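K.L.:
Take a look at target.cif, mmCIF, C-alpha atoms:
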```
data_run
loop_
_atom_site.label_atom_id
_atom_site.label_comp_id
_atom_site.auth_asym_id
_atom_site.auth_seq_id
_atom_site.Cartn_x
_atom_site.Cartn_y
_atom_site.Cartn_z
CA MET A 826 -70.84 74.58 -64.89
CA LYS A 827 -67.42 74.58 -66.43
CA LYS A 828 -67.44 78.38 -66.17
CA ILE A 829 -68.09 78.25 -62.42
CA TYR A 830 -65.29 75.72 -62.08
CA TYR A 831 -62.86 78.10 -63.79
CA ILE A 832 -64.09 81.01 -61.67
CA ASN A 833 -63.25 78.97 -58.58
CA ILE A 834 -59.79 78.16 -59.85
CA ALA A 835 -59.28 81.88 -60.53
CA LEU A 836 -60.46 82.76 -57.02
CA ILE A 837 -58.05 80.24 -55.49
CA LEU A 838 -55.19 81.75 -57.48
CA ILE A 839 -56.15 85.27 -56.35
CA LEU A 840 -56.49 84.28 -52.69
CA THR A 841 -53.34 82.21 -52.30
CA PRO A 842 -50.77 85.00 -52.06
CA LEU A 843 -52.88 87.02 -49.62
CA LYS A 844 -52.33 84.81 -46.61
CA ASN A 845 -52.31 86.59 -43.29
CA ASP A 846 -48.78 87.14 -41.98
CA ALA A 847 -49.64 88.98 -38.79
CA PHE A 848 -48.42 86.37 -36.32
CA GLY A 849 -45.16 86.57 -34.37
CA ILE A 850 -45.24 90.31 -34.52
CA SER A 851 -41.55 91.03 -34.04
CA GLU A 852 -39.75 91.64 -37.32
CA GLU A 853 -36.87 89.59 -35.84
CA PHE A 854 -38.62 86.34 -36.70
CA THR A 855 -39.90 87.15 -40.19
CA ASP A 856 -40.33 84.02 -42.30
CA ASN A 857 -39.06 81.79 -39.53
CA ILE A 858 -42.24 81.30 -37.59
CA TYR A 859 -44.61 78.44 -38.12
CA ASN A 860 -48.18 79.42 -37.39
CA PRO A 861 -50.13 76.54 -35.85
CA GLY A 862 -53.36 78.57 -35.88
CA ILE A 863 -55.67 78.90 -32.90
CA LEU A 864 -55.26 75.96 -30.51
CA LYS A 865 -57.38 74.59 -27.70
CA PRO A 866 -56.57 77.03 -24.87
CA VAL A 867 -55.62 74.37 -22.28
CA ASP A 868 -55.18 70.68 -23.03
CA SER A 869 -53.83 68.99 -19.91
CA VAL A 870 -54.73 68.39 -16.26
CA LEU A 871 -52.49 69.80 -13.54
CA LYS A 872 -50.78 67.23 -11.32
CA VAL A 873 -49.58 69.71 -8.71
CA LYS A 874 -51.26 72.43 -6.67
CA ILE A 875 -50.32 75.52 -4.70
CA GLY A 876 -48.75 74.44 -1.39
CA ASP A 877 -47.26 71.23 -2.80
CA LEU A 878 -43.56 70.50 -2.74
CA ALA A 879 -42.51 70.99 -6.37
CA PRO A 880 -41.34 67.77 -8.03
CA ASP A 881 -37.55 67.87 -8.47
CA PHE A 882 -36.07 67.52 -11.93
CA THR A 883 -32.76 67.70 -13.73
CA LEU A 884 -32.61 68.88 -17.35
CA PRO A 885 -29.85 69.77 -19.79
CA SER A 886 -29.47 73.48 -20.46
CA LEU A 887 -28.29 75.39 -23.50
CA SER A 888 -24.99 76.19 -21.80
CA GLY A 889 -24.24 72.47 -21.57
CA GLU A 890 -24.71 72.20 -17.82
CA LYS A 891 -27.43 70.18 -16.20
CA VAL A 892 -29.80 72.22 -14.04
CA SER A 893 -31.75 70.76 -11.11
CA LEU A 894 -34.53 72.45 -9.24
CA LYS A 895 -33.04 71.41 -5.89
CA GLN A 896 -29.85 73.39 -6.51
CA PHE A 897 -31.83 76.59 -5.80
CA LYS A 898 -33.28 75.35 -2.51
CA GLY A 899 -32.57 77.76 0.33
CA LYS A 900 -31.10 80.27 -2.13
CA ASN A 901 -33.60 81.51 -4.71
CA ASN A 902 -37.23 81.66 -5.56
CA VAL A 903 -37.65 79.94 -8.90
CA VAL A 904 -39.97 80.96 -11.71
CA ILE A 905 -40.51 78.25 -14.29
CA SER A 906 -41.78 79.40 -17.67
CA PHE A 907 -42.98 76.51 -19.79
CA VAL A 908 -43.61 77.58 -23.36
CA PRO A 909 -45.12 75.20 -25.92
CA ALA A 910 -42.63 75.16 -28.76
CA ALA A 911 -39.76 76.93 -30.46
CA TRP A 912 -40.49 78.76 -33.72
CA THR A 913 -44.14 79.42 -32.93
CA PRO A 914 -45.77 82.86 -32.75
CA VAL A 915 -46.59 83.60 -29.12
CA CYS A 916 -43.59 81.73 -27.65
CA SER A 917 -41.15 83.68 -29.82
CA ASP A 918 -42.73 86.78 -28.34
CA GLN A 919 -42.55 85.86 -24.65
CA TRP A 920 -38.96 85.21 -23.55
CA PRO A 921 -37.50 88.28 -25.29
CA GLY A 922 -39.69 90.30 -22.90
CA TYR A 923 -38.39 88.35 -19.89
CA ASN A 924 -34.94 89.17 -21.15
CA ILE A 925 -35.39 92.81 -20.07
CA VAL A 926 -36.84 92.14 -16.62
CA LYS A 927 -33.81 90.57 -14.92
CA GLU A 928 -33.79 93.41 -12.39
CA ILE A 929 -37.30 92.50 -11.21
CA PHE A 930 -36.22 88.90 -10.70
CA ASP A 931 -33.04 90.02 -8.87
CA ASN A 932 -35.04 92.32 -6.60
CA ASN A 933 -37.21 89.38 -5.62
CA ASP A 934 -34.39 86.87 -5.12
CA ALA A 935 -35.78 84.96 -8.04
CA ILE A 936 -34.28 83.14 -10.97
CA LEU A 937 -36.07 82.14 -14.13
CA LEU A 938 -35.92 78.76 -15.83
CA GLY A 939 -37.30 78.60 -19.37
CA ILE A 940 -38.39 75.13 -20.44
CA THR A 941 -39.71 73.70 -23.70
CA VAL A 942 -39.96 70.14 -25.04
CA ASP A 943 -37.64 71.01 -27.95
CA ASN A 944 -34.15 69.57 -28.28
CA ILE A 945 -31.00 71.59 -27.56
CA PRO A 946 -30.00 72.34 -31.20
CA THR A 947 -33.48 73.74 -31.90
CA LEU A 948 -33.44 75.82 -28.72
CA PHE A 949 -29.96 77.07 -29.61
CA ALA A 950 -31.02 78.33 -33.05
CA TRP A 951 -34.32 79.74 -31.81
CA THR A 952 -33.04 81.63 -28.77
CA ASN A 953 -30.10 83.02 -30.77
CA GLN A 954 -32.61 85.25 -32.51
CA MET A 955 -33.73 86.70 -29.18
CA GLY A 956 -30.33 88.11 -28.27
CA ARG A 957 -28.37 86.76 -25.31
CA LEU A 958 -30.83 85.44 -22.73
CA TRP A 959 -29.81 85.94 -19.11
CA PHE A 960 -31.73 82.92 -17.81
CA PRO A 961 -31.12 79.18 -18.31
CA VAL A 962 -33.07 77.56 -21.11
CA LEU A 963 -33.75 73.89 -20.43
CA SER A 964 -34.66 71.13 -22.81
CA ASP A 965 -37.40 68.73 -21.75
CA PHE A 966 -36.92 66.78 -24.97
CA TRP A 967 -35.98 63.36 -23.63
CA PRO A 968 -37.66 61.46 -22.12
CA HIS A 969 -40.09 63.56 -24.07
CA GLY A 970 -41.91 66.14 -21.95
CA LYS A 971 -41.20 64.23 -18.73
CA VAL A 972 -40.90 67.36 -16.58
CA ALA A 973 -43.94 69.02 -18.17
CA ASP A 974 -45.85 65.83 -17.45
CA MET A 975 -44.67 65.78 -13.80
CA PHE A 976 -46.31 69.17 -13.37
CA GLY A 977 -49.34 68.16 -15.45
CA VAL A 978 -48.75 70.64 -18.28
CA LEU A 979 -47.99 68.25 -21.14
CA ARG A 980 -50.62 68.60 -23.85
CA SER A 981 -52.00 65.68 -25.81
CA ASP A 982 -49.95 66.62 -28.90
CA GLY A 983 -46.64 66.47 -26.99
CA VAL A 984 -45.97 70.18 -26.43
CA SER A 985 -46.34 71.85 -23.08
CA GLU A 986 -48.84 74.44 -21.95
CA ARG A 987 -47.87 78.09 -21.71
CA ALA A 988 -47.49 77.90 -17.94
CA LEU A 989 -45.83 79.79 -15.12
CA PHE A 990 -44.94 78.34 -11.72
CA ILE A 991 -43.39 80.19 -8.81
CA ILE A 992 -41.54 77.96 -6.36
CA ASP A 993 -40.24 79.48 -3.15
CA LYS A 994 -36.87 78.92 -1.51
CA GLU A 995 -38.28 75.98 0.42
CA GLY A 996 -39.31 74.30 -2.80
CA ILE A 997 -43.03 74.92 -2.26
CA ILE A 998 -45.23 75.88 -5.23
CA ARG A 999 -46.65 79.34 -4.51
CA TYR A 1000 -48.25 80.33 -7.81
CA ILE A 1001 -49.54 78.54 -10.87
CA HIS A 1002 -50.75 80.21 -14.04
CA ILE A 1003 -51.79 78.09 -16.98
CA ALA A 1004 -52.29 80.66 -19.71
CA ASP A 1005 -54.41 80.28 -22.80
CA ILE A 1006 -51.78 78.79 -25.16
CA ASN A 1007 -52.74 81.36 -27.80
CA LYS A 1008 -51.98 84.37 -25.61
CA ARG A 1009 -48.94 85.79 -23.88
CA PRO A 1010 -49.54 86.17 -20.13
CA ASP A 1011 -49.33 89.77 -18.89
CA LEU A 1012 -46.01 90.37 -17.18
CA GLU A 1013 -47.71 92.35 -14.42
CA LEU A 1014 -49.43 89.23 -13.07
CA LEU A 1015 -46.13 87.47 -12.59
CA VAL A 1016 -44.38 90.49 -11.10
CA THR A 1017 -47.25 91.15 -8.67
CA GLU A 1018 -47.11 87.54 -7.46
CA LEU A 1019 -43.33 87.62 -7.08
CA GLU A 1020 -43.46 90.83 -5.08
CA LYS A 1021 -46.33 89.57 -2.94
CA MET A 1022 -44.40 86.42 -2.12
CA ASN A 1023 -41.21 88.26 -1.37
CA MET A 1024 -42.96 90.56 1.10
CA LYS A 1025 -44.14 87.61 3.21
CA MET B 802 -68.50 67.68 -59.53
CA LYS B 803 -72.17 68.13 -58.66
CA ILE B 804 -73.69 71.53 -59.43
CA LYS B 805 -74.77 71.92 -55.79
CA ASN B 806 -71.19 71.42 -54.61
CA VAL B 807 -69.82 73.83 -57.18
CA PHE B 808 -72.20 76.52 -55.92
CA ARG B 809 -71.32 75.75 -52.33
CA LEU B 810 -67.59 76.03 -53.12
CA THR B 811 -68.20 79.30 -54.96
CA GLY B 812 -70.02 80.67 -51.90
CA VAL B 813 -67.15 79.69 -49.58
CA LEU B 814 -64.57 81.22 -51.89
CA ILE B 815 -66.50 84.47 -52.24
CA SER B 816 -66.73 84.84 -48.45
CA LEU B 817 -63.02 84.03 -48.18
CA LEU B 818 -62.26 86.65 -50.79
CA PHE B 819 -64.34 89.14 -48.85
CA PHE B 820 -62.51 88.50 -45.56
CA THR B 821 -59.12 88.54 -47.23
CA TYR B 822 -60.03 91.81 -48.89
CA GLN B 823 -60.95 93.20 -45.45
CA ALA B 824 -57.55 92.17 -44.04
CA PHE B 825 -55.83 93.58 -47.09
CA ALA B 826 -57.82 96.81 -46.85
CA ASP B 827 -56.66 97.21 -43.24
CA LYS B 828 -53.02 97.02 -44.38
CA LYS B 829 -53.79 99.66 -46.96
CA GLN B 830 -54.76 101.88 -44.02
CA LEU B 831 -51.11 102.74 -43.55
CA ALA B 832 -50.46 103.38 -47.23
CA GLU B 833 -48.70 106.65 -47.92
CA GLY B 834 -51.15 109.35 -48.94
CA ASN B 835 -53.94 107.88 -46.81
CA LYS B 836 -55.41 109.24 -43.61
CA LEU B 837 -54.51 107.41 -40.39
CA PRO B 838 -57.12 105.00 -39.11
CA GLU B 839 -58.76 106.53 -36.04
CA ILE B 840 -56.34 105.87 -33.19
CA ILE B 841 -57.66 107.05 -29.85
CA LEU B 842 -55.10 107.41 -27.09
CA SER B 843 -55.40 108.32 -23.42
CA VAL B 844 -54.08 111.75 -22.46
CA PRO B 845 -50.78 111.04 -20.67
CA LYS B 846 -50.73 111.66 -16.90
CA ASN B 847 -47.20 113.02 -17.16
CA THR B 848 -47.49 116.81 -17.52
CA GLU B 849 -44.21 117.02 -19.47
CA HIS B 850 -45.69 114.68 -22.04
CA GLN B 851 -48.92 116.70 -22.14
CA LYS B 852 -46.87 119.82 -22.77
CA TYR B 853 -44.82 118.07 -25.45
CA LEU B 854 -47.95 116.91 -27.30
CA GLY B 855 -49.91 120.12 -26.69
CA ILE B 856 -52.72 118.01 -25.25
CA THR B 857 -54.16 118.77 -21.84
CA GLY B 858 -56.93 117.56 -19.58
CA LYS B 859 -58.15 114.05 -19.00
CA GLY B 860 -59.74 111.54 -21.30
CA THR B 861 -58.61 110.74 -24.79
CA PHE B 862 -57.28 112.36 -27.94
CA ASN B 863 -56.66 111.59 -31.59
CA ILE B 864 -53.17 111.61 -33.06
CA PRO B 865 -53.88 114.50 -35.51
CA GLN B 866 -54.71 116.67 -32.48
CA ILE B 867 -51.05 116.65 -31.46
CA LYS B 868 -49.55 120.12 -31.75
CA ALA B 869 -47.05 119.52 -34.52
CA GLU B 870 -46.57 119.60 -38.25
CA VAL B 871 -45.23 116.08 -38.32
CA VAL B 872 -45.95 113.22 -35.94
CA ILE B 873 -43.69 110.18 -36.01
CA ILE B 874 -45.23 107.02 -34.60
CA GLU B 875 -43.13 104.03 -33.64
CA ILE B 876 -45.15 100.81 -33.37
CA PHE B 877 -43.16 98.66 -30.93
CA SER B 878 -43.43 95.89 -28.37
CA MET B 879 -41.35 95.35 -25.24
CA TYR B 880 -41.25 91.70 -26.32
CA CYS B 881 -39.62 92.50 -29.67
CA PRO B 882 -35.83 92.05 -29.77
CA HIS B 883 -35.36 94.58 -32.60
CA CYS B 884 -37.35 97.17 -30.66
CA GLN B 885 -35.16 96.55 -27.61
CA ARG B 886 -31.97 96.86 -29.63
CA GLU B 887 -33.16 99.97 -31.46
CA ALA B 888 -34.39 101.78 -28.34
CA PRO B 889 -31.11 103.67 -27.72
CA THR B 890 -30.98 104.77 -31.38
CA ILE B 891 -34.50 106.10 -31.21
CA ASN B 892 -33.71 107.88 -27.94
CA LYS B 893 -30.79 109.57 -29.67
CA PHE B 894 -33.03 110.62 -32.56
CA TYR B 895 -35.51 112.09 -30.06
CA GLU B 896 -32.69 114.01 -28.36
CA GLU B 897 -31.67 115.45 -31.71
CA LEU B 898 -35.25 116.51 -32.38
CA VAL B 899 -35.76 118.29 -29.07
CA ASN B 900 -32.36 119.95 -29.30
CA SER B 901 -33.07 121.32 -32.75
CA GLN B 902 -34.47 124.85 -32.62
CA LYS B 903 -35.85 124.30 -36.10
CA LEU B 904 -37.63 121.02 -35.43
CA LYS B 905 -38.50 120.81 -31.76
CA ASP B 906 -41.96 122.35 -32.09
CA LYS B 907 -42.69 120.93 -35.49
CA VAL B 908 -41.84 117.23 -35.17
CA LYS B 909 -43.19 115.10 -32.32
CA LEU B 910 -42.38 111.46 -31.64
CA ILE B 911 -44.62 108.92 -29.91
CA GLY B 912 -44.57 105.14 -29.45
CA ILE B 913 -47.43 102.65 -29.31
CA GLY B 914 -46.72 99.32 -27.59
CA VAL B 915 -48.85 96.76 -29.41
CA GLY B 916 -50.03 93.93 -27.20
CA ASN B 917 -48.32 95.66 -24.28
CA SER B 918 -50.14 96.53 -21.07
CA ALA B 919 -49.54 99.84 -19.28
CA PHE B 920 -47.21 97.95 -16.92
CA GLU B 921 -45.21 96.50 -19.81
CA VAL B 922 -44.92 99.85 -21.59
CA SER B 923 -43.84 101.45 -18.35
CA HIS B 924 -41.18 98.76 -17.87
CA PHE B 925 -39.89 99.32 -21.42
CA ARG B 926 -39.70 103.06 -20.69
CA LYS B 927 -37.75 102.51 -17.47
CA THR B 928 -35.38 99.96 -18.99
CA TYR B 929 -34.34 102.20 -21.88
CA LYS B 930 -34.92 105.59 -20.17
CA ILE B 931 -37.31 106.68 -22.92
CA GLN B 932 -38.31 110.35 -22.67
CA PHE B 933 -40.99 110.59 -25.38
CA PRO B 934 -44.61 109.53 -24.75
CA LEU B 935 -45.41 105.82 -25.05
CA PHE B 936 -48.93 104.42 -25.13
CA PRO B 937 -50.16 100.89 -24.41
CA ASP B 938 -52.33 98.86 -26.77
CA ALA B 939 -52.93 95.92 -24.46
CA ASP B 940 -55.78 94.32 -26.39
CA TYR B 941 -54.19 94.83 -29.83
CA SER B 942 -57.14 97.02 -30.86
CA ILE B 943 -54.88 99.66 -32.44
CA HIS B 944 -52.72 96.91 -33.92
CA LYS B 945 -55.76 95.47 -35.69
CA LYS B 946 -56.75 98.88 -37.05
CA ILE B 947 -53.35 99.41 -38.61
CA GLY B 948 -53.31 96.02 -40.33
CA GLU B 949 -51.31 94.05 -37.72
CA VAL B 950 -47.94 95.31 -38.91
CA ARG B 951 -44.78 93.71 -37.57
CA THR B 952 -42.56 95.59 -35.13
CA PRO B 953 -40.80 97.98 -35.14
CA TYR B 954 -42.88 99.91 -37.66
CA PHE B 955 -42.54 103.63 -38.38
CA ILE B 956 -45.29 105.96 -39.55
CA GLY B 957 -44.87 109.60 -40.49
CA VAL B 958 -48.02 111.73 -40.39
CA ARG B 959 -48.17 115.23 -41.80
CA ILE B 960 -50.67 117.45 -40.01
CA ILE B 961 -51.98 120.17 -42.25
CA LYS B 962 -53.13 123.56 -40.98
CA ASP B 963 -56.70 123.06 -42.15
CA GLY B 964 -57.01 120.23 -39.62
CA THR B 965 -56.56 117.40 -42.12
CA HIS B 966 -53.66 115.01 -42.17
CA ARG B 967 -52.06 112.33 -44.30
CA ILE B 968 -49.54 109.54 -43.94
CA PHE B 969 -46.39 110.48 -45.84
CA TYR B 970 -44.17 107.65 -44.64
CA SER B 971 -44.90 104.08 -43.64
CA LYS B 972 -42.18 101.46 -43.27
CA LEU B 973 -41.25 98.35 -41.37
CA GLY B 974 -38.00 98.64 -39.44
CA GLY B 975 -35.43 95.94 -38.96
CA ALA B 976 -31.94 95.32 -37.67
CA LYS B 977 -29.80 98.47 -37.45
CA GLU B 978 -32.11 100.43 -39.69
CA ALA B 979 -33.97 102.70 -37.31
CA ASN B 980 -31.60 105.62 -37.68
CA GLN B 981 -31.66 105.41 -41.46
CA ILE B 982 -35.45 105.10 -41.48
CA LEU B 983 -35.96 108.06 -39.16
CA LYS B 984 -33.56 110.25 -41.14
CA MET B 985 -35.33 109.30 -44.37
CA LEU B 986 -38.66 109.99 -42.74
CA LEU B 987 -37.54 113.47 -41.66
CA HIS B 988 -36.23 114.13 -45.15
CA ARG B 989 -39.52 113.08 -46.70
CA SER B 990 -41.46 115.34 -44.32
CA GLY B 991 -40.08 118.30 -46.24
CA LEU B 992 -39.06 120.01 -43.00
CA VAL B 993 -35.32 119.47 -43.40
#
```
Show this structure as structure tokens.
P.N.:
Amino acid sequence: MKKIYYINIALILILTPLKNDAFGISEEFTDNIYNPGILKPVDSVLKVKIGDLAPDFTLPSLSGEKVSLKQFKGKNNVVISFVPAAWTPVCSDQWPGYNIVKEIFDNNDAILLGITVDNIPTLFAWTNQMGRLWFPVLSDFWPHGKVADMFGVLRSDGVSERALFIIDKEGIIRYIHIADINKRPDLELLVTELEKMNMK
Amino acid sequence: MKIKNVFRLTGVLISLLFFTYQAFADKKQLAEGNKLPEIILSVPKNTEHQKYLGITGKGTFNIPQIKAEVVIIEIFSMYCPHCQREAPTINKFYEELVNSQKLKDKVKLIGIGVGNSAFEVSHFRKTYKIQFPLFPDADYSIHKKIGEVRTPYFIGVRIIKDGTHRIFYSKLGGAKEANQILKMLLHRSGLV
């Protein structure tokens, strides 16, 4: 029995260094990404629906200014991208892609607001690794997750869903996509919806 | 510890070892000297790209079927900041290749966008005005076969006249390294 015990210890020692490091696939984030593993795909209940007036909010942004949804009324369509948390695999791989699609947003009179429940210093350090982001990054840190909760995308562990909302110039919600938290939503879905809305 | 539990733990550890070995074996797939894992790509619709690769018709093809002595594969993602930053450098390298009388028919460059849909790859192409063929890997199936490497990753494949091939270069890229990596890769190909 002692032998088997030692074999197990040996196996543990062999296995430990071979952990899988295939998350957060961009080399940019090597060693800085915490892997939470596979999570429950969706863990909240929406509180808004398509056709509703979007709840207004004001949140601090990375640039230091406060950003309110109502300031875009009559001017821009607004895409809100909630991502669960800084320094996690899929999230670190989503906004850098949005960073090269500004033209698509411009062509559709749309602006993008990126929101997480992290605080400003965390968002500052995290987004610095993505290069200069063209869109405002807002912190829904305090009161914790209040805006995510207003939309019904605050998960039971205090992070938000990976969710996209399109709000038109009148402030009406036109599109809602609550993605599986473990997967990055395909950009084409969002672009198709934006273009469809802009044609109306 | 009860004997039953010890056996149970041994069983769990052996299966873990097996799965870890599998993952490790996949990474070995890109080891220099090895053959490429089978990567099946769709024949590009763009006729210029077909001409460049020496692949015609519809359907699919394997990378070693590309008409070249050396194929350079960039594993990228439009969501990867390094890949975005390095795109102009890689474009310049491609220009140098196609403008070189010595290398233009011998060395071909392609990109595979891991986790990128056709739409996303096409957007990446438009944004950085990329001339060489790019292929989507929307469901990460190619990414899994090559051991889920990080991006950007560069692979050099030597295609031998008897129809066989081998990987002669395999390296992860990083900040401001693409040019150095590509030059080293060309050097190692033995063609320059």
K.L.:
Can you tell me, as a PyMOL selection string, what residues are no more than 12 Å from Ala888 in chain B when counting all atoms listed in the file, ignoring any on the same chain fewer than 2 positions away?
P.N.:
chain B and resi 875-879+881-886+890-895+912+925-933+953+976-980
K.L.:
Taking (-41.2, 66.7, -5.7) in the file's coordinates as the center, which residues reach within 10 Å of it, counting all atoms listed in the file, put as a PyMOL selection string?
P.N.:
chain A and resi 873+877-882+894-895+975-976+996-997
K.L.:
Run through the PyMOL selection byres ((chain B and resi 870-874) around 6) on the given coordinates and return the selected residues as a short mmCIF file (atom, residue, chain, number, x, y, z; two decimals) with C-alpha atoms, keeping the file's coordinate frame.
P.N.:
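The result, written out as result_8.cif:
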```cif
data_model
loop_
_atom_site.label_atom_id
_atom_site.label_comp_id
_atom_site.auth_asym_id
_atom_site.auth_seq_id
_atom_site.Cartn_x
_atom_site.Cartn_y
_atom_site.Cartn_z
CA ALA B 869 -47.05 119.52 -34.52
CA GLU B 875 -43.13 104.03 -33.64
CA LYS B 907 -42.69 120.93 -35.49
CA VAL B 908 -41.84 117.23 -35.17
CA LYS B 909 -43.19 115.10 -32.32
CA LEU B 910 -42.38 111.46 -31.64
CA ILE B 911 -44.62 108.92 -29.91
CA GLY B 912 -44.57 105.14 -29.45
CA PHE B 955 -42.54 103.63 -38.38
CA ILE B 956 -45.29 105.96 -39.55
CA GLY B 957 -44.87 109.60 -40.49
CA VAL B 958 -48.02 111.73 -40.39
CA ARG B 959 -48.17 115.23 -41.80
CA ILE B 960 -50.67 117.45 -40.01
#
```
K.L.:
So how many Å separate CA of Leu987 in chain B and CA of His944 in chain B, to one decimal?
P.N.:
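Between these atoms lies a distance of 23.8 Å.
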K.L.:
With the file shown as input, list the residues that the PyMOL selection byres ((chain B and resi 920) around 12) selects, as a list in words.
P.N.:
Val926, Asp1011, Leu1012, Glu1013, Leu1014, Leu1015, Val1016 and Thr1017 of chain A; Met879, Gly914, Gly916, Asn917, Ser918, Ala919, Glu921, Val922, Ser923, His924, Phe925, Arg926, Lys927, Leu935, Phe936, Pro937, Asp938 and Ala939 of chain B
K.L.:
Quote the spacing between CA of Asn863 in chain B and CA of Ile841 in chain B in Å to one decimal place.
P.N.:
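Taking CA of Asn863 in chain B as the start and CA of Ile841 in chain B as the end point, the length is 5.0 Å.
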K.L.:
Go through A:Val915, A:Ile1003, A:Val962, A:Ile991 and flag the residue nearest chain B, using all atoms listed in the file for the distances.
P.N.:
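Closest to chain B, using all atoms listed in the file: A:Val915.
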K.L.:
Determine the residue set returned by the PyMOL selection byres ((chain A and resi 984) around 8) for the present structure, and present it as a list of chain:residue names.
P.N.:
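Given this file, the PyMOL selection byres ((chain A and resi 984) around 8) evaluates to A:Pro909, A:Ala910, A:Thr941, A:Val942, A:Gly970, A:Leu979, A:Arg980, A:Ser981, A:Asp982, A:Gly983, A:Ser985, A:Glu986.
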K.L.:
Identify which of the residues A:Ala1004, A:Ser851, A:Trp967, A:Asn901 lies closest to Val915 in chain B, counting all atoms listed in the file when measuring atom-to-atom distances.
P.N.:
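Result for the nearest residue to Val915 in chain B: A:Ser851.
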K.L.:
Would you mind reading off the distance between CA of Glu897 in chain B and CA of Arg967 in chain B, one decimal, in Å?
P.N.:
24.2 Å
K.L.:
I need the residue nearest chain A from this list: B:Met985, B:Val899, B:Leu992, B:Leu973. Use all atoms listed in the file for the distance.
P.N.:
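For chain A, the nearest of the candidates is B:Leu973.
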K.L.:
Leaving out Ala935 in chain A and any residue of its chain fewer than 2 positions from it, which residues lie within 7 Å of it when counting all atoms listed in the file, given as a ChimeraX atom specification?
P.N.:
/A:901-904,930-931,933,937
K.L.:
Between A:Ile905, A:Ile863, A:Ala973, A:Ile925, which has the minimum distance to His1002 in chain A (counting only C-alpha atoms)?
P.N.:
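Selected residue with least distance to His1002 in chain A: A:Ile905.
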K.L.:
Which residue gives the smallest distance to chain B among A:Lys1008, A:Leu938, A:Phe966, A:Val892, with only C-alpha atoms counted?
P.N.:
A:Lys1008
K.L.:
Looking at A:Thr947, A:Gln954, A:Asn1023, A:Asn857, which one is nearest to Ala911 in chain A, with distances taken over only C-alpha atoms?
P.N.:
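Among the listed residues, the smallest separation from Ala911 in chain A belongs to A:Thr947.
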